[in-house]
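Structure data (compact mmCIF, C-alpha atoms and all ligand atoms) from entry-v3.txt:
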```txt
# COMPACT_ATOMS: atom_id res chain seq x y z
CA LYS A 247 26.61 28.56 -40.66
CA ARG A 248 30.07 30.13 -40.95
CA PRO A 249 32.49 27.64 -39.36
CA PHE A 250 35.85 28.94 -38.11
CA GLY A 251 38.33 26.51 -36.56
CA LEU A 252 39.38 28.32 -33.41
CA ALA A 253 42.17 27.10 -31.12
CA VAL A 254 43.55 28.41 -27.85
CA ALA A 255 47.01 27.27 -26.76
CA GLN A 256 47.50 27.55 -23.03
CA LEU A 257 51.09 27.61 -21.83
CA GLY A 258 52.35 26.03 -18.66
CA PRO A 259 54.97 28.00 -16.73
CA ILE A 260 58.05 29.59 -18.33
CA GLN A 261 60.90 29.93 -15.81
CA PRO A 262 63.04 33.09 -15.65
CA ASN A 263 66.06 31.40 -17.24
CA ASP A 264 64.19 29.48 -19.93
CA THR A 265 65.36 30.53 -23.38
CA ARG A 266 63.26 31.97 -26.20
CA LYS A 267 64.18 28.87 -28.18
CA GLN A 268 62.56 26.66 -25.53
CA ALA A 269 59.43 28.79 -25.40
CA VAL A 270 59.12 28.92 -29.19
CA ALA A 271 59.57 25.13 -29.42
CA ARG A 272 56.58 24.69 -27.10
CA LEU A 273 54.49 27.17 -29.09
CA LEU A 274 55.39 25.36 -32.32
CA GLU A 275 54.26 22.01 -30.92
CA MET A 276 50.89 23.51 -30.02
CA MET A 277 50.60 25.34 -33.33
CA LYS A 278 51.05 22.01 -35.12
CA GLU A 279 48.43 20.35 -32.92
CA ALA A 280 45.99 23.23 -33.52
CA ALA A 281 46.50 22.97 -37.28
CA SER A 282 46.02 19.20 -37.22
CA ARG A 283 42.70 19.71 -35.48
CA GLY A 284 41.54 22.07 -38.22
CA ALA A 285 42.27 25.45 -36.67
CA LYS A 286 42.38 28.54 -38.85
CA MET A 287 43.88 30.54 -35.99
CA VAL A 288 45.55 29.71 -32.69
CA VAL A 289 45.64 32.15 -29.78
CA PHE A 290 48.74 32.16 -27.57
CA PRO A 291 49.01 33.94 -24.17
CA GLU A 292 50.19 37.39 -23.13
CA LEU A 293 54.01 37.60 -22.79
CA ALA A 294 54.19 34.12 -24.30
CA LEU A 295 57.95 34.11 -24.89
CA THR A 296 59.16 34.71 -21.34
CA THR A 297 58.28 34.35 -17.70
CA PHE A 298 55.83 36.96 -16.35
CA PHE A 299 58.77 39.29 -15.56
CA PRO A 300 56.75 42.25 -14.11
CA ARG A 301 56.92 40.26 -10.86
CA TYR A 302 60.60 41.29 -10.53
CA TRP A 303 62.09 44.64 -9.57
CA MET A 304 64.81 45.39 -12.18
CA THR A 305 66.13 48.46 -13.89
CA GLU A 306 64.35 49.12 -17.18
CA LYS A 307 67.56 48.38 -19.09
CA GLU A 308 68.01 44.99 -17.41
CA ALA A 309 64.39 44.11 -18.21
CA ILE A 310 64.71 45.21 -21.83
CA ASP A 311 67.93 43.32 -22.39
CA ARG A 312 66.46 40.08 -21.10
CA TYR A 313 62.76 40.06 -21.76
CA PHE A 314 61.84 42.44 -24.62
CA GLU A 315 61.73 41.74 -28.38
CA LYS A 316 63.60 44.26 -30.49
CA SER A 317 62.02 43.00 -33.70
CA MET A 318 59.08 40.81 -34.68
CA PRO A 319 59.73 38.41 -36.18
CA GLY A 320 63.22 38.19 -34.71
CA PRO A 321 65.82 35.44 -35.05
CA GLU A 322 64.19 33.28 -32.35
CA THR A 323 60.57 33.88 -33.38
CA GLN A 324 60.97 33.50 -37.17
CA ALA A 325 60.18 29.78 -36.84
CA LEU A 326 56.65 30.61 -35.68
CA PHE A 327 56.04 32.52 -38.90
CA ASP A 328 57.65 29.87 -41.11
CA THR A 329 55.58 27.07 -39.59
CA ALA A 330 52.37 29.12 -39.61
CA LYS A 331 52.84 29.76 -43.33
CA LYS A 332 53.58 26.11 -44.05
CA LEU A 333 50.50 24.97 -42.11
CA SER A 334 48.35 27.89 -43.27
CA ILE A 335 47.33 28.82 -39.75
CA GLY A 336 46.98 32.33 -38.33
CA PHE A 337 47.98 33.23 -34.79
CA TYR A 338 47.79 35.77 -31.96
CA LEU A 339 50.97 36.18 -29.92
CA GLY A 340 51.66 38.31 -26.85
CA TYR A 341 55.18 39.61 -26.15
CA ALA A 342 57.10 42.54 -24.67
CA GLU A 343 57.85 45.04 -27.46
CA VAL A 344 60.51 47.75 -27.72
CA SER A 345 59.36 50.02 -30.52
CA THR A 346 61.74 51.56 -33.04
CA GLU A 347 61.53 54.80 -30.98
CA GLY A 348 62.61 52.86 -27.88
CA LYS A 349 59.18 52.80 -26.22
CA CYS A 350 58.14 49.69 -24.30
CA PHE A 351 54.72 48.10 -24.67
CA ASN A 352 52.92 44.95 -23.60
CA THR A 353 51.91 43.94 -27.12
CA SER A 354 50.06 41.32 -29.12
CA ILE A 355 50.10 40.73 -32.85
CA LEU A 356 47.63 39.13 -35.21
CA VAL A 357 49.23 37.09 -37.98
CA ASN A 358 47.26 35.77 -40.96
CA GLN A 359 47.50 32.39 -42.69
CA GLN A 360 50.18 33.74 -45.03
CA ALA A 361 52.27 34.63 -41.94
CA GLU A 362 51.85 38.38 -42.45
CA ILE A 363 51.42 40.59 -39.38
CA VAL A 364 48.03 42.17 -40.03
CA GLY A 365 47.35 43.76 -36.65
CA ARG A 366 49.09 44.99 -33.53
CA TYR A 367 47.62 45.84 -30.15
CA ARG A 368 49.48 47.63 -27.36
CA LYS A 369 47.90 46.96 -23.97
CA ILE A 370 45.88 49.86 -22.62
CA HIS A 371 44.74 48.79 -19.13
CA LEU A 372 48.06 48.25 -17.38
CA PRO A 373 47.44 46.89 -13.87
CA GLY A 374 49.73 46.97 -10.87
CA HIS A 375 52.17 49.71 -9.81
CA SER A 376 55.52 51.32 -10.66
CA ASP A 377 57.09 51.49 -7.19
CA ASN A 378 58.98 48.72 -5.38
CA LYS A 379 56.59 47.14 -2.87
CA SER A 380 59.34 45.51 -0.84
CA HIS A 381 56.87 44.03 1.69
CA ALA A 382 55.00 42.13 -1.03
CA PRO A 383 55.81 38.50 -1.93
CA PHE A 384 56.22 39.58 -5.57
CA GLN A 385 55.70 42.68 -7.65
CA HIS A 386 53.25 43.58 -10.43
CA LEU A 387 55.30 46.21 -12.24
CA GLU A 388 53.45 46.60 -15.53
CA LYS A 389 53.18 50.34 -14.85
CA LYS A 390 56.99 50.51 -14.57
CA TYR A 391 58.01 48.47 -17.60
CA PHE A 392 55.29 49.40 -20.10
CA GLU A 393 53.75 52.57 -21.48
CA VAL A 394 49.99 52.74 -21.99
CA GLY A 395 49.21 51.51 -25.50
CA ASN A 396 49.01 54.33 -28.04
CA GLU A 397 47.09 52.70 -30.87
CA GLY A 398 43.61 52.19 -29.41
CA PHE A 399 41.31 49.16 -29.59
CA ASN A 400 41.08 47.90 -33.16
CA VAL A 401 39.45 45.20 -35.25
CA TRP A 402 41.01 43.68 -38.36
CA GLU A 403 39.26 42.11 -41.32
CA THR A 404 41.26 38.95 -41.86
CA MET A 405 40.88 35.17 -42.22
CA ASP A 406 37.27 35.68 -43.42
CA SER A 407 36.31 37.28 -40.13
CA ARG A 408 36.67 40.47 -38.11
CA ILE A 409 39.08 39.94 -35.24
CA GLY A 410 39.87 42.19 -32.27
CA MET A 411 42.60 41.87 -29.67
CA LEU A 412 42.79 42.57 -25.94
CA LEU A 413 45.41 41.73 -23.33
CA CYS A 414 44.75 40.33 -19.89
CA ASN A 415 43.50 43.08 -17.56
CA ASP A 416 41.52 44.62 -20.47
CA ARG A 417 39.12 41.66 -20.25
CA ARG A 418 37.72 43.06 -16.99
CA TRP A 419 36.73 46.42 -18.55
CA GLY A 420 33.38 46.61 -20.32
CA GLU A 421 34.41 49.66 -22.34
CA ALA A 422 37.23 47.80 -24.10
CA TRP A 423 34.90 45.08 -25.39
CA ARG A 424 32.23 47.55 -26.45
CA VAL A 425 34.72 49.55 -28.53
CA LEU A 426 35.58 46.31 -30.37
CA ALA A 427 31.91 45.34 -30.76
CA LEU A 428 31.15 48.76 -32.24
CA GLN A 429 33.68 47.87 -34.96
CA ASN A 430 31.75 44.65 -35.63
CA ALA A 431 34.26 42.27 -34.11
CA GLU A 432 33.25 38.62 -34.44
CA ILE A 433 36.16 37.09 -32.54
CA VAL A 434 38.14 38.67 -29.72
CA ALA A 435 41.47 37.09 -28.80
CA VAL A 436 42.82 37.68 -25.29
CA GLY A 437 46.10 36.50 -23.80
CA TYR A 438 46.62 36.66 -20.05
CA ASN A 439 48.92 35.97 -17.07
CA THR A 440 47.03 36.24 -13.80
CA PRO A 441 48.73 35.63 -10.44
CA SER A 442 46.56 33.47 -8.17
CA GLN A 443 47.50 35.61 -5.19
CA ASN A 444 46.44 39.24 -4.93
CA ILE A 445 49.29 41.24 -3.37
CA HIS A 446 47.13 44.30 -2.74
CA TRP A 447 44.44 42.84 -0.49
CA ASN A 448 43.47 39.50 0.94
CA GLU A 449 41.22 38.39 -1.88
CA PRO A 450 39.68 34.92 -1.44
CA PRO A 451 41.53 32.77 -4.04
CA HIS A 452 38.35 31.29 -5.55
CA LEU A 453 37.22 34.76 -6.62
CA ARG A 454 40.22 35.15 -8.96
CA MET A 455 39.06 32.39 -11.29
CA PHE A 456 35.40 33.31 -10.89
CA HIS A 457 35.99 36.91 -12.00
CA HIS A 458 38.07 35.78 -14.97
CA ILE A 459 35.35 33.47 -16.27
CA LEU A 460 32.59 35.91 -15.37
CA SER A 461 34.31 38.65 -17.39
CA LEU A 462 34.71 36.43 -20.47
CA GLN A 463 31.15 35.09 -20.42
CA ALA A 464 29.52 38.46 -19.80
CA ALA A 465 31.63 40.17 -22.47
CA ALA A 466 30.94 37.46 -25.07
CA TYR A 467 27.18 37.68 -24.53
CA GLN A 468 26.85 41.46 -24.22
CA ASN A 469 28.95 42.05 -27.33
CA CYS A 470 27.86 39.05 -29.45
CA VAL A 471 31.45 37.89 -29.95
CA TRP A 472 33.42 34.68 -29.79
CA VAL A 473 36.09 34.96 -27.11
CA ALA A 474 39.34 33.00 -27.29
CA ALA A 475 41.28 33.45 -24.05
CA ALA A 476 44.74 31.91 -23.59
CA GLY A 477 46.54 31.95 -20.27
CA LYS A 478 50.03 31.18 -19.07
CA ALA A 479 49.58 29.03 -15.99
CA GLY A 480 51.24 27.13 -13.18
CA LYS A 481 54.16 28.01 -10.93
CA GLU A 482 56.76 30.33 -12.42
CA ASP A 483 59.71 30.60 -10.03
CA GLY A 484 57.33 29.48 -7.25
CA PHE A 485 54.64 32.06 -8.06
CA HIS A 486 51.37 30.61 -9.26
CA LEU A 487 49.40 31.85 -12.28
CA PHE A 488 45.91 30.46 -12.71
CA ALA A 489 44.88 28.48 -15.79
CA GLY A 490 41.27 28.45 -17.07
CA SER A 491 41.96 29.14 -20.76
CA ALA A 492 38.62 29.11 -22.52
CA ILE A 493 36.62 29.58 -25.68
CA VAL A 494 33.28 31.31 -25.08
CA ALA A 495 30.46 31.58 -27.62
CA PRO A 496 28.36 34.72 -28.27
CA THR A 497 25.65 33.01 -26.22
CA GLY A 498 27.92 33.48 -23.20
CA GLU A 499 28.41 29.72 -22.93
CA ILE A 500 31.83 28.16 -22.45
CA VAL A 501 32.38 25.72 -25.30
CA ALA A 502 35.92 24.61 -24.43
CA GLN A 503 38.06 25.01 -21.36
CA ALA A 504 41.58 23.85 -20.47
CA GLN A 505 41.67 20.98 -18.02
CA GLY A 506 45.09 21.47 -16.49
CA GLU A 507 47.85 24.00 -15.87
CA ASP A 508 50.28 22.89 -18.57
CA ASP A 509 50.71 23.36 -22.28
CA GLU A 510 47.30 22.43 -23.68
CA VAL A 511 45.42 23.11 -26.89
CA ILE A 512 41.66 23.55 -26.79
CA PHE A 513 39.66 23.77 -29.98
CA CYS A 514 36.18 24.33 -31.30
CA GLN A 515 34.53 24.74 -34.64
CA ALA A 516 33.09 28.20 -33.96
CA ASP A 517 30.01 29.21 -35.94
CA LEU A 518 30.59 32.90 -36.65
CA ALA A 519 26.89 33.26 -37.49
CA LEU A 520 25.89 32.31 -33.95
CA GLY A 521 26.01 35.95 -32.82
CA ASP A 522 23.79 37.20 -35.66
CA ALA A 523 20.42 36.70 -33.95
CA PHE A 524 21.65 38.57 -30.87
CA LYS A 525 23.01 41.38 -33.04
CA GLN A 526 19.66 41.68 -34.86
CA HIS A 527 17.51 41.66 -31.75
CA ILE A 528 18.50 42.16 -28.10
CA PHE A 529 21.84 43.81 -28.93
CA ASN A 530 20.86 45.66 -32.09
CA PHE A 531 23.14 48.60 -31.35
CA ALA A 532 21.63 50.94 -33.98
CA ALA A 533 18.11 50.37 -32.67
CA HIS A 534 18.63 50.24 -28.96
CA ARG A 535 21.86 51.90 -27.80
CA ARG A 536 21.52 55.39 -26.27
CA PRO A 537 25.03 56.89 -26.57
CA GLU A 538 23.71 60.37 -25.75
CA HIS A 539 23.27 59.06 -22.22
CA TYR A 540 26.74 57.50 -22.04
CA THR A 541 28.84 60.67 -22.36
CA LEU A 542 30.04 60.48 -18.75
CA ILE A 543 32.04 57.40 -19.70
CA THR A 544 34.44 59.44 -21.80
CA GLU A 545 34.36 62.56 -19.61
CA ARG A 546 35.57 60.90 -16.42
N1 LIG A 601 48.68 40.54 -16.73
C1 LIG A 601 47.63 41.13 -16.15
O1 LIG A 601 47.10 42.12 -16.62
N2 LIG A 601 47.19 40.56 -14.99
C2 LIG A 601 46.15 41.15 -14.21
C3 LIG A 601 46.41 40.92 -12.77
C4 LIG A 601 45.63 41.83 -11.94
S1 LIG A 601 46.22 41.91 -10.32
C5 LIG A 601 47.38 43.20 -10.35
C6 LIG A 601 44.76 40.64 -14.55
O2 LIG A 601 43.85 41.46 -14.62
O3 LIG A 601 44.55 39.44 -14.70
```

Have the structure of the file written as structure tokens, please.
Ligand code: CDT
Amino acid sequence: KRPFGLAVAQLGPIQPNDTRKQAVARLLEMMKEAASRGAKMVVFPELALTTFFPRYWMTEKEAIDRYFEKSMPGPETQALFDTAKKLSIGFYLGYAEVSTEGKCFNTSILVNQQAEIVGRYRKIHLPGHSDNKSHAPFQHLEKKYFEVGNEGFNVWETMDSRIGMLLCNDRRWGEAWRVLALQNAEIVAVGYNTPSQNIHWNEPPHLRMFHHILSLQAAAYQNCVWVAAAGKAGKEDGFHLFAGSAIVAPTGEIVAQAQGEDDEVIFCQADLALGDAFKQHIFNFAAHRRPEHYTLITER
């Protein structure tokens, strides 16, 4: 067995006028709880420092001034790094990034137990739209505020494991997971913010949660990885985001799931060796994959 203390910290809602200081204080509380339960790493949600602001039509400058981080760590986020180092716990954190060249990304970072940033992922599957849908109850303007990530899907050797990162909508795309599995990922961390209401078509609400869990379980099994998925949940400014933060084993089984829609830490002692039998047999990529028949995937 190769035990790895894995924690997911779900966030309840963050309101538009909540400060970074308030958000960071909540993250710190959960980081401490995760560490006390024996976690080596805690996974926080996508855009974990602010409300899910792509629901608002703003000018890009307004959005940047309010909701984007100009540096990481910055003055308000330094405490996360200081506490992580003190407690010797790694973390995944999602936030809105303005790069040094002034480009905007929906980003996550992977921080090791010495509080060093070892990996960065810039979200590739940006859902939603860039125009103002004035008839809709709220917007989903990720295509307006963010550029498509320009650094690919990567896996980092850290904390005695190989860890990959995805962000929210990526979890629905089989290709994203497979690119991480091909780099021998053992754990994939995913932060998300998913509105319960679909503004594009009248989707039955129960399907939203079903497709979220279905995506995580299928991806974990088909790629022999541990999945740690952290959501931001509850009503932000009256708009509901679903909860359902979960840890899924390489067997495809859910081993921990959040019970409510508030700040909540879930934890499991993940056995990183659990995926080995699947990797050696049913999903032995070298023996059984047929990439020569998959070329259409990259051509279209
Ligand atoms: N944040 C994010 O990517 N949310 C999307 C919502 C899809 S509906 C436009 C998701 O896939 O959960």

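Our summary of the geometry notes that CA of Asn439 in chain A is positioned 16.3 Å from CA of His452 in chain A.
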
Taking only residues of range 284-332 of chain A that have an atom at most 12 Å from an atom of range 504-509 of chain A, what is each one's shortest atom pair and its distance in Å to one decimal, using all atoms listed in the file, in chain and number order, as a tab-separated table?
```
residue	atom	partner	partner_atom	distance
A:Phe290	CA	A:Asp509	CA	10.5
A:Pro291	CA	A:Asp509	CA	10.9
A:Ala294	CA	A:Asp509	CA	11.5
```

What lies within 10 Å of Ala523 in chain A using only C-alpha atoms, ignoring chain neighbours under 5 positions off, as a PyMOL selection string?
chain A and resi 470+496+528-530

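Residues surrounding Asn263 in chain A within 12 Å are Gln268, Ala269, Leu295, Thr296, Thr297, Phe298, Phe299, Arg312, Tyr313, Glu482 and Asp483 of chain A [all atoms listed in the file; sequence separation below 5 positions excluded].
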
Determine the axis-aligned bounding box of all atoms of ligand LIG 601 (chain A) present in the file, pad each side by 8 Å, and express its centre and edge lengths in Å to one decimal place as AutoDock Vina command-line options.
```
--center_x 46.3 --center_y 41.3 --center_z -13.5 --size_x 20.8 --size_y 19.8 --size_z 22.4
```

Close residues, Ile433 in chain A itself excluded, 12 Å, all atoms listed in the file, min 6 positions apart in chain, as a PyMOL selection string
chain A and resi 250-253+287-289+338+356+400-412+423+426-427+465-466+469-475+493-496+516-521

Output the selection as a tab-separated table (two decimals), in the frame of the given file - C-alpha atoms for each residue.
```
chain	number	residue	atom	x	y	z
A	250	PHE	CA	35.85	28.94	-38.11
A	251	GLY	CA	38.33	26.51	-36.56
A	252	LEU	CA	39.38	28.32	-33.41
A	253	ALA	CA	42.17	27.10	-31.12
A	287	MET	CA	43.88	30.54	-35.99
A	288	VAL	CA	45.55	29.71	-32.69
A	289	VAL	CA	45.64	32.15	-29.78
A	338	TYR	CA	47.79	35.77	-31.96
A	356	LEU	CA	47.63	39.13	-35.21
A	400	ASN	CA	41.08	47.90	-33.16
A	401	VAL	CA	39.45	45.20	-35.25
A	402	TRP	CA	41.01	43.68	-38.36
A	403	GLU	CA	39.26	42.11	-41.32
A	404	THR	CA	41.26	38.95	-41.86
A	405	MET	CA	40.88	35.17	-42.22
A	406	ASP	CA	37.27	35.68	-43.42
A	407	SER	CA	36.31	37.28	-40.13
A	408	ARG	CA	36.67	40.47	-38.11
A	409	ILE	CA	39.08	39.94	-35.24
A	410	GLY	CA	39.87	42.19	-32.27
A	411	MET	CA	42.60	41.87	-29.67
A	412	LEU	CA	42.79	42.57	-25.94
A	423	TRP	CA	34.90	45.08	-25.39
A	426	LEU	CA	35.58	46.31	-30.37
A	427	ALA	CA	31.91	45.34	-30.76
A	465	ALA	CA	31.63	40.17	-22.47
A	466	ALA	CA	30.94	37.46	-25.07
A	469	ASN	CA	28.95	42.05	-27.33
A	470	CYS	CA	27.86	39.05	-29.45
A	471	VAL	CA	31.45	37.89	-29.95
A	472	TRP	CA	33.42	34.68	-29.79
A	473	VAL	CA	36.09	34.96	-27.11
A	474	ALA	CA	39.34	33.00	-27.29
A	475	ALA	CA	41.28	33.45	-24.05
A	493	ILE	CA	36.62	29.58	-25.68
A	494	VAL	CA	33.28	31.31	-25.08
A	495	ALA	CA	30.46	31.58	-27.62
A	496	PRO	CA	28.36	34.72	-28.27
A	516	ALA	CA	33.09	28.20	-33.96
A	517	ASP	CA	30.01	29.21	-35.94
A	518	LEU	CA	30.59	32.90	-36.65
A	519	ALA	CA	26.89	33.26	-37.49
A	520	LEU	CA	25.89	32.31	-33.95
A	521	GLY	CA	26.01	35.95	-32.82
```

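When all atoms listed in the file are used to measure the gap to Thr440 in chain A, the shortest distance among A:Pro383, A:Gly480, A:Gly398, A:Gly340 belongs to A:Gly480.
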
Kindly provide, as number ranges by chain, all nucleotide and amino acid residues lying within 9 Å of ligand LIG 601 (chain A), counting all atoms listed in the file.
A: 292-293, 298, 300, 369, 371-375, 385-388, 413-418, 437-446, 454, 458

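Excluding Val270 in chain A and any residue on its chain fewer than 3 positions from it, the residues at most 8 Å away by all atoms listed in the file are Arg266, Lys267, Leu273, Leu274, Leu295, Glu322, Thr323, Ala325 and Leu326 of chain A.
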
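One distance worth recording is that between CA of Phe488 in chain A and CA of Trp419 in chain A, which is 19.3 Å.
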
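In this structure, CA of Gln526 in chain A sits 14.6 Å away from CA of Ala431 in chain A.
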
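Distances from A:Ser461, A:Ser317, A:Gln468, A:Gln324 to Lys525 in chain A were compared using all atoms listed in the file, and the smallest one belongs to A:Gln468.
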